[in-house]
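Enquirer: What follows is the file my_file_27.csv, containing CSV, C-alpha atoms:
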```csv
chain,number,residue,atom,x,y,z
A,1,MET,CA,95.2,35.7,92.9
A,2,ALA,CA,93.9,38.0,90.1
A,3,GLY,CA,95.8,40.9,91.6
A,4,ASP,CA,99.0,39.0,91.4
A,5,ASN,CA,98.4,38.0,87.8
A,6,ASN,CA,97.7,41.7,86.9
A,7,ASN,CA,101.3,42.5,88.0
A,8,GLN,CA,102.8,39.8,85.7
A,9,PHE,CA,103.1,39.8,82.0
A,10,GLY,CA,102.6,37.2,79.4
A,11,LEU,CA,103.6,36.6,75.7
A,12,ILE,CA,100.7,34.5,74.4
A,13,ILE,CA,101.3,32.8,71.0
A,14,LEU,CA,98.1,31.9,69.2
A,15,GLY,CA,97.3,30.2,66.0
A,16,ASN,CA,96.0,26.9,64.6
A,17,SER,CA,97.8,23.6,64.9
A,18,GLY,CA,100.8,23.3,62.6
A,19,VAL,CA,101.5,27.0,62.0
A,20,GLY,CA,104.7,26.9,63.9
A,21,LYS,CA,103.8,28.3,67.3
A,22,SER,CA,106.0,26.0,69.3
A,23,PHE,CA,108.9,26.4,66.9
A,24,LEU,CA,108.7,30.2,67.2
A,25,ALA,CA,108.5,30.0,71.0
A,26,ASN,CA,111.7,27.9,71.0
A,27,ILE,CA,113.4,30.4,68.7
A,28,LEU,CA,112.6,33.2,71.1
A,29,LEU,CA,113.7,31.2,74.1
A,30,GLY,CA,116.9,30.1,72.4
A,31,ARG,CA,116.3,26.5,73.4
A,32,GLU,CA,114.1,23.5,72.7
A,33,ALA,CA,111.6,24.0,75.5
A,34,PHE,CA,108.4,23.1,73.6
A,35,ARG,CA,107.8,20.0,71.5
A,36,HIS,CA,107.2,20.8,67.8
A,37,GLU,CA,107.1,18.9,64.6
A,38,PHE,CA,105.5,18.9,61.1
A,39,SER,CA,102.2,17.1,61.6
A,40,ALA,CA,98.6,17.3,60.4
A,41,ARG,CA,97.6,16.8,64.0
A,42,SER,CA,98.3,19.0,67.0
A,43,VAL,CA,101.4,18.1,69.1
A,44,THR,CA,100.4,20.6,71.8
A,45,HIS,CA,97.3,19.6,73.9
A,46,ARG,CA,98.0,21.6,77.2
A,47,THR,CA,98.9,25.2,77.8
A,48,GLU,CA,102.6,25.4,78.7
A,49,PHE,CA,104.7,28.4,79.5
A,50,GLN,CA,108.4,29.3,80.1
A,51,GLU,CA,110.0,32.4,81.5
A,52,ILE,CA,111.7,34.8,79.1
A,53,THR,CA,113.2,38.3,79.5
A,54,ILE,CA,112.7,40.8,76.6
A,55,ASP,CA,114.0,44.4,76.9
A,56,ASP,CA,114.5,44.0,80.7
A,57,GLN,CA,110.9,42.8,81.2
A,58,ASP,CA,110.1,39.3,82.4
A,59,TYR,CA,107.3,37.5,80.5
A,60,ALA,CA,105.7,34.0,80.7
A,61,ILE,CA,105.8,32.8,77.0
A,62,PHE,CA,102.8,30.5,76.4
A,63,ASN,CA,102.6,27.6,74.0
A,64,ILE,CA,98.9,27.0,73.4
A,65,PRO,CA,97.0,24.4,71.4
A,66,GLY,CA,95.5,25.5,68.2
A,67,LEU,CA,91.8,26.3,68.3
A,68,ILE,CA,90.3,24.5,65.2
A,69,GLU,CA,90.3,20.7,65.3
A,70,ALA,CA,88.2,18.0,63.5
A,71,ASP,CA,85.9,17.3,66.4
A,72,GLN,CA,84.0,19.4,68.9
A,73,THR,CA,85.4,17.8,72.0
A,74,ARG,CA,88.9,18.8,71.0
A,75,ILE,CA,87.8,22.3,70.1
A,76,ASP,CA,86.2,22.7,73.5
A,77,LEU,CA,89.3,21.5,75.2
A,78,ASN,CA,91.4,24.0,73.2
A,79,LYS,CA,89.0,26.8,74.1
A,80,ARG,CA,89.6,26.1,77.8
A,81,GLU,CA,93.4,26.1,77.3
A,82,ILE,CA,93.2,29.5,75.6
A,83,ASP,CA,91.1,30.8,78.4
A,84,ARG,CA,93.6,29.5,80.9
A,85,ALA,CA,96.4,31.5,79.3
A,86,PHE,CA,94.5,34.7,79.4
A,87,THR,CA,93.4,34.0,83.0
A,88,LEU,CA,97.0,33.4,84.1
A,89,ARG,CA,98.4,36.4,82.3
A,90,PRO,CA,95.6,38.9,81.4
A,91,ASN,CA,98.3,41.6,80.8
A,92,SER,CA,100.0,40.2,77.8
A,93,LEU,CA,101.6,40.6,74.4
A,94,ILE,CA,99.8,38.6,71.7
A,95,ILE,CA,101.4,37.0,68.7
A,96,TYR,CA,99.0,35.4,66.3
A,97,VAL,CA,100.6,33.2,63.7
A,98,PHE,CA,99.3,32.6,60.1
A,99,ALA,CA,100.7,29.9,57.9
A,100,LEU,CA,100.6,29.5,54.1
A,101,ILE,CA,99.4,26.6,52.0
A,102,ASN,CA,100.8,26.7,48.4
A,103,GLY,CA,101.6,30.4,49.0
A,104,ARG,CA,98.1,31.3,50.1
A,105,MET,CA,96.6,32.3,53.4
A,106,HIS,CA,94.8,29.4,55.1
A,107,ASN,CA,91.1,30.2,55.6
A,108,LYS,CA,90.8,28.6,59.0
A,109,ASP,CA,93.5,30.9,60.4
A,110,ALA,CA,91.3,33.8,59.8
A,111,VAL,CA,88.3,32.0,61.3
A,112,ALA,CA,90.2,31.2,64.5
A,113,PHE,CA,91.5,34.7,64.8
A,114,ASN,CA,88.0,36.2,64.5
A,115,ALA,CA,86.6,33.8,67.1
A,116,ILE,CA,89.3,34.6,69.6
A,117,ASN,CA,89.2,38.3,68.9
A,118,LYS,CA,85.4,38.4,69.7
A,119,ALA,CA,86.0,36.7,73.0
A,120,TYR,CA,89.1,38.7,74.0
A,121,PRO,CA,89.3,41.9,71.9
A,122,LEU,CA,92.9,42.0,71.0
A,123,LYS,CA,94.5,45.4,71.5
A,124,VAL,CA,96.5,47.0,68.7
A,125,GLU,CA,99.2,48.1,71.1
A,126,SER,CA,99.9,44.5,72.2
A,127,LEU,CA,99.1,42.5,69.0
A,128,LEU,CA,101.7,41.2,66.4
A,129,LEU,CA,100.5,39.3,63.4
A,130,VAL,CA,103.1,36.8,62.0
A,131,VAL,CA,102.9,35.3,58.5
A,132,ASN,CA,105.2,32.3,58.9
A,133,ARG,CA,107.2,30.0,56.7
A,134,LEU,CA,107.3,32.3,53.6
A,135,PRO,CA,109.4,31.3,50.6
A,136,VAL,CA,112.4,33.5,50.2
A,137,VAL,CA,111.5,34.2,46.6
A,138,ARG,CA,108.0,35.6,46.4
A,139,PRO,CA,106.0,37.9,44.2
A,140,LYS,CA,106.7,41.6,44.0
A,141,ASN,CA,104.5,43.6,46.4
A,142,TYR,CA,103.6,40.4,48.3
A,143,GLU,CA,103.8,42.0,51.7
A,144,GLY,CA,101.7,45.1,50.7
A,145,GLU,CA,99.1,42.8,49.2
A,146,THR,CA,98.9,40.6,52.2
A,147,ILE,CA,98.6,43.5,54.6
A,148,LEU,CA,95.6,44.9,52.6
A,149,LEU,CA,94.1,41.4,52.4
A,150,LEU,CA,94.4,40.8,56.2
A,151,GLN,CA,92.8,44.2,56.8
A,152,ASP,CA,89.9,43.1,54.7
A,153,ILE,CA,89.2,39.6,56.1
A,154,LEU,CA,90.0,40.5,59.7
A,155,GLY,CA,88.1,43.8,59.6
A,156,ARG,CA,90.7,46.0,61.3
A,157,GLU,CA,93.5,48.4,60.3
A,158,ILE,CA,96.9,46.9,60.4
A,159,SER,CA,100.1,48.9,60.7
A,160,GLU,CA,103.3,47.7,59.0
A,161,LYS,CA,104.8,47.6,62.5
A,162,ARG,CA,102.2,45.1,63.7
A,163,ILE,CA,102.8,42.4,61.1
A,164,CYS,CA,106.0,40.3,60.7
A,165,PHE,CA,106.8,38.3,57.6
A,166,LEU,CA,109.1,35.3,58.4
A,167,ASN,CA,110.9,33.4,55.8
A,168,HIS,CA,111.1,29.6,55.9
A,169,ILE,CA,114.5,28.7,57.3
A,170,ASN,CA,116.8,25.7,57.7
A,171,ARG,CA,116.1,24.7,61.3
A,172,ASP,CA,119.6,23.3,61.7
A,173,ASP,CA,121.3,26.6,60.6
A,174,ILE,CA,122.4,28.5,63.7
A,175,ASP,CA,122.8,31.8,61.8
A,176,GLU,CA,119.4,31.5,60.2
A,177,ARG,CA,117.8,30.8,63.6
A,178,ALA,CA,119.6,33.8,65.1
A,179,ALA,CA,118.4,36.1,62.3
A,180,LEU,CA,114.8,34.9,62.7
A,181,ARG,CA,115.0,35.5,66.5
A,182,ASN,CA,116.4,39.0,65.9
A,183,GLN,CA,113.6,39.8,63.4
A,184,LEU,CA,110.9,38.6,65.8
A,185,LEU,CA,112.4,40.6,68.7
A,186,SER,CA,112.6,43.7,66.6
A,187,SER,CA,108.9,43.6,66.2
A,188,ILE,CA,108.1,42.5,69.7
A,189,VAL,CA,109.9,45.3,71.4
A,190,GLU,CA,107.5,47.7,69.6
A,191,LEU,CA,104.6,46.2,71.5
A,192,SER,CA,103.2,47.1,75.0
A,193,PRO,CA,101.4,44.6,77.3
A,194,ARG,CA,97.7,45.3,77.6
A,195,GLU,CA,95.0,43.8,79.8
A,196,HIS,CA,92.7,41.5,77.8
A,197,ILE,CA,89.3,41.1,79.4
A,198,LYS,CA,87.0,38.3,78.3
A,199,GLN,CA,83.8,39.7,76.7
A,200,GLN,CA,82.2,36.4,75.8
A,201,ASP,CA,83.0,32.7,75.5
A,202,ILE,CA,85.0,31.6,72.4
A,203,CYS,CA,82.1,30.7,70.1
A,204,LEU,CA,83.1,28.1,67.6
A,205,GLN,CA,81.3,24.9,66.6
A,206,ALA,CA,82.9,22.1,64.5
A,207,ASP,CA,79.9,22.1,62.1
A,208,GLU,CA,80.3,25.9,61.6
A,209,VAL,CA,83.9,25.8,60.6
A,210,ALA,CA,83.3,24.8,57.0
A,211,ILE,CA,80.7,27.6,56.5
A,212,LEU,CA,83.0,30.2,58.1
A,213,LYS,CA,86.0,29.0,56.0
A,214,GLU,CA,83.9,29.4,52.9
A,215,ASP,CA,83.0,32.9,53.9
A,216,ILE,CA,86.7,33.8,54.2
A,217,ARG,CA,87.4,32.0,50.9
A,218,LYS,CA,84.8,34.2,49.2
A,219,MET,CA,86.3,37.4,50.7
A,220,ILE,CA,89.8,36.3,49.4
A,221,ARG,CA,88.4,35.6,46.0
A,222,GLN,CA,86.6,38.9,45.8
A,223,PHE,CA,89.8,40.6,46.9
A,224,GLU,CA,91.8,38.8,44.1
A,225,GLU,CA,89.2,39.8,41.5
A,226,ASN,CA,89.3,43.5,42.5
A,227,LYS,CA,93.1,43.6,43.2
A,228,LEU,CA,93.7,45.9,40.3
A,229,PHE,CA,91.6,48.6,41.9
A,230,PHE,CA,93.9,48.5,45.0
A,231,GLU,CA,97.2,48.7,43.3
A,232,ASN,CA,98.1,52.2,44.7
A,233,GLU,CA,97.2,51.1,48.2
A,234,ILE,CA,99.2,47.9,47.8
A,235,ARG,CA,102.3,49.8,46.6
A,236,GLU,CA,102.0,52.2,49.5
A,237,HIS,CA,101.8,49.4,52.0
A,238,GLN,CA,104.8,47.7,50.3
A,239,LYS,CA,106.9,50.8,50.4
A,240,ARG,CA,106.2,51.4,54.1
A,241,HIS,CA,107.0,47.7,54.8
A,242,GLU,CA,110.3,47.9,52.9
A,243,ASP,CA,111.2,51.1,54.7
A,244,LEU,CA,110.5,49.5,58.1
A,245,VAL,CA,112.6,46.4,57.1
A,246,MET,CA,115.5,48.7,56.3
A,247,GLN,CA,115.1,50.5,59.5
A,248,GLN,CA,115.0,47.3,61.5
A,249,LYS,CA,118.0,45.9,59.7
A,250,ALA,CA,120.0,49.1,60.5
A,251,GLU,CA,119.0,48.8,64.2
A,252,SER,CA,119.8,45.1,64.2
A,253,GLU,CA,123.3,45.8,62.8
A,254,ARG,CA,123.8,48.5,65.4
A,255,PHE,CA,122.8,46.2,68.2
A,256,GLN,CA,125.0,43.5,66.8
A,257,HIS,CA,127.9,45.9,66.7
A,258,ILE,CA,127.2,46.8,70.4
A,259,ILE,CA,127.1,43.1,71.3
A,260,ASP,CA,130.3,42.3,69.4
A,261,GLN,CA,132.0,45.3,71.3
A,262,GLN,CA,130.7,44.0,74.6
A,263,VAL,CA,132.0,40.5,73.9
A,264,LYS,CA,135.4,42.0,73.0
A,265,GLU,CA,135.5,44.1,76.1
A,266,ALA,CA,134.3,41.2,78.2
A,267,LYS,CA,137.2,39.0,76.9
A,268,GLU,CA,139.7,41.8,77.6
A,269,MET,CA,138.3,42.3,81.1
A,270,GLU,CA,138.5,38.6,81.8
A,271,GLU,CA,142.1,38.4,80.7
A,272,LYS,CA,142.9,41.4,82.9
A,273,ARG,CA,141.0,39.8,85.9
A,274,VAL,CA,142.9,36.5,85.5
A,275,ALA,CA,146.2,38.4,85.4
A,276,GLU,CA,145.3,40.4,88.5
A,277,ILE,CA,144.3,37.1,90.3
A,278,ARG,CA,147.6,35.6,89.4
A,279,GLN,CA,149.5,38.6,90.7
A,280,MET,CA,147.6,38.6,93.9
A,281,GLU,CA,148.2,34.8,94.4
A,282,GLU,CA,151.9,35.4,93.8
A,283,ARG,CA,152.0,38.2,96.4
A,284,LEU,CA,150.2,35.8,98.8
A,285,ARG,CA,152.8,33.1,98.3
A,286,HIS,CA,155.6,35.7,98.9
A,287,MET,CA,153.8,36.9,102.1
A,288,GLN,CA,153.5,33.4,103.4
A,289,ALA,CA,157.1,32.6,102.7
A,290,GLU,CA,158.2,35.9,104.4
A,291,HIS,CA,155.9,35.1,107.3
A,292,GLN,CA,157.6,31.7,107.8
A,293,ARG,CA,161.1,33.2,107.4
A,294,GLN,CA,160.5,36.0,109.9
A,295,THR,CA,159.0,33.5,112.4
A,296,THR,CA,162.1,31.3,112.2
A,297,GLU,CA,164.5,34.2,112.6
A,298,LEU,CA,162.6,35.6,115.6
A,299,ILE,CA,162.6,32.3,117.4
A,300,THR,CA,166.3,31.8,117.0
A,301,GLU,CA,167.5,35.4,117.6
A,302,SER,CA,166.6,36.4,121.2
A,303,ASP,CA,164.0,36.4,124.0
A,304,THR,CA,163.1,39.9,123.0
A,305,GLY,CA,162.3,38.8,119.4
A,306,ALA,CA,160.3,35.9,120.8
A,307,ALA,CA,158.1,38.3,122.6
A,308,LEU,CA,157.3,40.1,119.3
A,309,ILE,CA,156.3,36.9,117.5
A,310,PRO,CA,152.6,36.9,118.4
A,311,GLN,CA,152.1,40.5,117.3
A,312,LEU,CA,154.0,40.0,114.0
A,313,LEU,CA,152.2,36.8,113.3
A,314,LEU,CA,148.8,38.4,113.8
A,315,ARG,CA,149.7,41.3,111.4
A,316,SER,CA,150.9,38.9,108.8
A,317,GLN,CA,147.9,36.7,109.2
A,318,GLN,CA,145.5,39.7,108.8
A,319,ALA,CA,147.3,40.9,105.7
A,320,GLN,CA,147.1,37.4,104.2
A,321,GLU,CA,143.3,37.1,105.0
A,322,GLN,CA,142.7,40.5,103.4
A,323,LEU,CA,144.5,39.5,100.2
A,324,LYS,CA,142.6,36.2,100.1
A,325,GLN,CA,139.3,38.2,100.4
A,326,GLN,CA,140.4,40.4,97.5
A,327,ILE,CA,141.2,37.4,95.4
A,328,THR,CA,137.8,35.7,96.2
A,329,SER,CA,135.9,38.9,95.4
A,330,LEU,CA,137.7,39.3,92.1
A,331,GLN,CA,137.0,35.7,91.2
A,332,ASN,CA,133.3,36.0,91.9
A,333,ARG,CA,132.7,39.5,90.4
A,334,PRO,CA,130.5,39.4,87.2
A,335,PHE,CA,131.8,40.8,84.0
A,336,GLN,CA,130.6,44.4,83.6
A,337,VAL,CA,130.9,46.3,80.4
A,338,THR,CA,130.1,50.0,80.1
A,339,TYR,CA,129.5,51.5,76.7
A,340,ARG,CA,128.4,54.9,75.5
A,341,THR,CA,125.6,55.6,73.1
A,342,ARG,CA,124.3,59.1,72.2
A,343,GLY,CA,126.2,60.7,75.0
A,344,LYS,CA,124.7,58.5,77.7
A,345,VAL,CA,126.3,55.7,79.7
A,346,ASP,CA,124.6,52.4,79.5
A,347,GLY,CA,125.6,49.5,81.7
A,348,CYS,CA,125.4,45.9,80.5
A,349,ILE,CA,126.2,42.9,82.7
A,350,LEU,CA,127.5,39.8,80.9
A,351,LEU,CA,127.1,36.7,83.0
```
Transcribe the structure of this file into structure tokens.
Expert:
Amino acid sequence: MAGDNNNQFGLIILGNSGVGKSFLANILLGREAFRHEFSARSVTHRTEFQEITIDDQDYAIFNIPGLIEADQTRIDLNKREIDRAFTLRPNSLIIYVFALINGRMHNKDAVAFNAINKAYPLKVESLLLVVNRLPVVRPKNYEGETILLLQDILGREISEKRICFLNHINRDDIDERAALRNQLLSSIVELSPREHIKQQDICLQADEVAILKEDIRKMIRQFEENKLFFENEIREHQKRHEDLVMQQKAESERFQHIIDQQVKEAKEMEEKRVAEIRQMEERLRHMQAEHQRQTTELITESDTGAALIPQLLLRSQQAQEQLKQQITSLQNRPFQVTYRTRGKVDGCILL
């Protein structure tokens, strides 16, 4: 069983209740597979997963309950659900979602991350941190400051490629949802699945949460007080983040151009295929009419002609069957678009 799991990959989305894990999973899937809503209480109580293909690789995308709850019984249940996801797919990409309250990082998100990270040391190659639901208008150097703050409170180096800042969107706007999905995918494709081996149980007690949150709050306050000393580092992180965003935007536009070209070529190919099918069907009707005419003539002309009827009928029937097979094959053939990039030929099947 474990051997089978090691050959399969997961995309495990972690974070506390209400940070938007289910919503982001649905955005990636392109459909409403997981229940989500704005709520002070968790709407996910059991680990669920759906299949998703990213960059030609199949993943089980997990929707997992948040870790921190008001009572210990629920925390313990959530621990087991997190364990279950890592057991089902030890080789996984990990997305950890942070949410903001009044523009500030929520202390308990860092507490939950640290507890999970101690139990399952999260590999830098497979980990993406997501800061979700950001206001579109935010302070200058916000991203650079947040990267440095997270490095401080999580106690680990964070590359600009391993953190994704997502704006709050209108959930009913198709274009905004598509843009959010593309932004997420641009970061996810940079990751590589890694095996996450349990080192210890997830240690978190309900009566400890307030103390741990206060520790994080003190670290954030200390960071704010000393922020002036980190201005150069903040600007450097901000610059690298902005350069990365521009690079991802250029890549996204290039991919969108390729997709638009594929759609155009697919439409042209479909029109050509429909025209070919119509021509073949017309040829078949002519063949059937000619078959009937020749049969009638041979019967009425002579005994010699009558002797040729079976042979001519067989040839005509074979030609018709061959044409029918060509029509069926053309009708069932998937659209295939071939495009060239950087001197290589890439094939893309549009179903």
Enquirer: Using all atoms listed in the file, find the one residue out of A:His196, A:Arg104, A:Arg273, A:Arg74 that sits nearest to Ser329 (chain A).
Expert: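 That would be A:Arg273, the residue with the smallest distance to Ser329 (chain A).
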Enquirer: Fewer than 5 positions away in the same chain doesn't count, so skip those; otherwise give me all residues within 9 Å of region 198-203 of chain A, counting all atoms listed in the file, as a list of chain:residue names.
Expert: A:Lys79, A:Arg80, A:Asp83, A:Phe86, A:Ala115, A:Ile116, A:Asn117, A:Lys118, A:Ala119, A:Tyr120, A:Pro121
Enquirer: Under the rule that all atoms listed in the file are counted, which of A:Asp173, A:Leu184, A:Ile94, A:Glu145 is the nearest residue to Leu228 (chain A)?
Expert: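 Of all the options, A:Glu145 lies closest to Leu228 (chain A).
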Enquirer: Mind pulling up the distance from CA of Leu149 (chain A) to CA of Pro193 (chain A)?
Expert: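 These two atoms are separated by 26.1 Å.
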Enquirer: Any idea what the distance is between CA of Asn182 (chain A) and CA of Leu28 (chain A)?
Expert: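 Between these atoms lies a distance of 8.7 Å.
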Enquirer: May I ask for the distance between CA of Ala60 (chain A) and CA of Phe255 (chain A), given in Å to one decimal place?
Expert: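 One can read the CA of Ala60 (chain A) to CA of Phe255 (chain A) distance as 24.4 Å.
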Enquirer: Within 7 Å of (101.7, 32.9, 63.9), only C-alpha atoms: residues as a PyMOL selection string?
Expert: chain A and resi 14-15+19-21+95-99+129-132
Enquirer: Pro135 (chain A): which residues within 9 Å, counting all atoms listed in the file, same-chain residues fewer than 6 positions away excluded, as a list in words?
Expert: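 Result of the neighbour search: Gly103, Leu166, Asn167, His168 and Ile169 of chain A.
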Enquirer: Residues within 12 Å of Val245 (chain A), please, as a PyMOL selection string. Count only C-alpha atoms; anything in the same chain fewer than 6 positions from it doesn't count.
Expert: chain A and resi 143+160-161+163-166+183-184+186-187+238-239+251-252
Enquirer: Just give me the residues with any atom within 6 Å of (87.7, 25.5, 55.0), file coordinates, counting all atoms listed in the file, written as a list in words.
Expert: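 Every polymer residue passing the test: Asn107, Lys108, Ala210, Lys213 and Glu214 of chain A.
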Enquirer: Quick one: residues within 8 Å of region 310-314 of chain A, all atoms listed in the file counted, chain neighbours fewer than 3 positions away excluded, as a PyMOL selection string?
Expert: chain A and resi 291+295+307+317-318
Enquirer: If we count only C-alpha atoms, what is near Leu212 (chain A) at a cut-off of 10 Å, once residues fewer than 5 positions away on the same chain are taken out, given as a ChimeraX atom specification?
Expert: /A:107-108,110-112,204,207,217-218
Enquirer: Find, counting all atoms listed in the file, the residue in A:Leu154, A:Leu323, A:Ala33, A:Leu284 that gets nearest to Ile52 (chain A).
Expert: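 Under the stated criterion, the closest residue is A:Ala33.
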Enquirer: Taking into account only C-alpha atoms, which residue in the set A:Ile234, A:Ile12, A:Ile277, A:Ile174 is nearest to Gly30 (chain A)?
Expert: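 Of all the options, A:Ile174 lies closest to Gly30 (chain A).
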Enquirer: Add whatever atoms are absent from region 12-26 of chain A to reach N, CA, C and O atoms, and provide the output as a PDB file, keeping the file's coordinate frame.
Expert:
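Full text of out.pdb as output:
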```pdb
ATOM      1  N   ILE A  12     101.626  35.580  74.725  1.00  0.00           N
ATOM      2  CA  ILE A  12     100.700  34.500  74.400  1.00  0.00           C
ATOM      3  C   ILE A  12     100.788  34.297  72.839  1.00  0.00           C
ATOM      4  O   ILE A  12     100.471  35.212  72.076  1.00  0.00           O
ATOM      5  N   ILE A  13     101.225  33.116  72.417  1.00  0.00           N
ATOM      6  CA  ILE A  13     101.300  32.800  71.000  1.00  0.00           C
ATOM      7  C   ILE A  13     100.119  31.984  70.571  1.00  0.00           C
ATOM      8  O   ILE A  13      99.917  30.872  71.059  1.00  0.00           O
ATOM      9  N   LEU A  14      99.313  32.555  69.685  1.00  0.00           N
ATOM     10  CA  LEU A  14      98.100  31.900  69.200  1.00  0.00           C
ATOM     11  C   LEU A  14      98.178  31.544  67.772  1.00  0.00           C
ATOM     12  O   LEU A  14      98.982  32.090  67.021  1.00  0.00           O
ATOM     13  N   GLY A  15      97.296  30.635  67.366  1.00  0.00           N
ATOM     14  CA  GLY A  15      97.300  30.200  66.000  1.00  0.00           C
ATOM     15  C   GLY A  15      96.799  28.757  65.923  1.00  0.00           C
ATOM     16  O   GLY A  15      96.763  28.062  66.950  1.00  0.00           O
ATOM     17  N   ASN A  16      96.445  28.287  64.756  1.00  0.00           N
ATOM     18  CA  ASN A  16      96.000  26.900  64.600  1.00  0.00           C
ATOM     19  C   ASN A  16      97.139  25.924  64.683  1.00  0.00           C
ATOM     20  O   ASN A  16      98.316  26.314  64.616  1.00  0.00           O
ATOM     21  N   SER A  17      96.801  24.660  64.803  1.00  0.00           N
ATOM     22  CA  SER A  17      97.800  23.600  64.900  1.00  0.00           C
ATOM     23  C   SER A  17      98.623  23.599  63.559  1.00  0.00           C
ATOM     24  O   SER A  17      98.082  23.762  62.464  1.00  0.00           O
ATOM     25  N   GLY A  18      99.948  23.452  63.713  1.00  0.00           N
ATOM     26  CA  GLY A  18     100.800  23.300  62.600  1.00  0.00           C
ATOM     27  C   GLY A  18     101.327  24.593  61.943  1.00  0.00           C
ATOM     28  O   GLY A  18     102.047  24.544  60.940  1.00  0.00           O
ATOM     29  N   VAL A  19     100.990  25.761  62.547  1.00  0.00           N
ATOM     30  CA  VAL A  19     101.500  27.000  62.000  1.00  0.00           C
ATOM     31  C   VAL A  19     102.868  27.378  62.430  1.00  0.00           C
ATOM     32  O   VAL A  19     103.479  28.307  61.901  1.00  0.00           O
ATOM     33  N   GLY A  20     103.373  26.666  63.453  1.00  0.00           N
ATOM     34  CA  GLY A  20     104.700  26.900  63.900  1.00  0.00           C
ATOM     35  C   GLY A  20     104.832  27.674  65.219  1.00  0.00           C
ATOM     36  O   GLY A  20     105.865  28.283  65.509  1.00  0.00           O
ATOM     37  N   LYS A  21     103.792  27.614  66.053  1.00  0.00           N
ATOM     38  CA  LYS A  21     103.800  28.300  67.300  1.00  0.00           C
ATOM     39  C   LYS A  21     104.916  27.839  68.247  1.00  0.00           C
ATOM     40  O   LYS A  21     105.676  28.649  68.812  1.00  0.00           O
ATOM     41  N   SER A  22     105.005  26.531  68.420  1.00  0.00           N
ATOM     42  CA  SER A  22     106.000  26.000  69.300  1.00  0.00           C
ATOM     43  C   SER A  22     107.422  26.266  68.824  1.00  0.00           C
ATOM     44  O   SER A  22     108.318  26.598  69.614  1.00  0.00           O
ATOM     45  N   PHE A  23     107.615  26.161  67.518  1.00  0.00           N
ATOM     46  CA  PHE A  23     108.900  26.400  66.900  1.00  0.00           C
ATOM     47  C   PHE A  23     109.332  27.890  67.197  1.00  0.00           C
ATOM     48  O   PHE A  23     110.472  28.170  67.590  1.00  0.00           O
ATOM     49  N   LEU A  24     108.423  28.835  66.992  1.00  0.00           N
ATOM     50  CA  LEU A  24     108.700  30.200  67.200  1.00  0.00           C
ATOM     51  C   LEU A  24     108.988  30.536  68.684  1.00  0.00           C
ATOM     52  O   LEU A  24     109.853  31.354  69.022  1.00  0.00           O
ATOM     53  N   ALA A  25     108.241  29.867  69.564  1.00  0.00           N
ATOM     54  CA  ALA A  25     108.500  30.000  71.000  1.00  0.00           C
ATOM     55  C   ALA A  25     109.888  29.555  71.355  1.00  0.00           C
ATOM     56  O   ALA A  25     110.615  30.212  72.117  1.00  0.00           O
ATOM     57  N   ASN A  26     110.301  28.419  70.788  1.00  0.00           N
ATOM     58  CA  ASN A  26     111.700  27.900  71.000  1.00  0.00           C
ATOM     59  C   ASN A  26     112.720  28.844  70.463  1.00  0.00           C
ATOM     60  O   ASN A  26     113.790  29.028  71.068  1.00  0.00           O
TER      61      ASN A  26
END
```
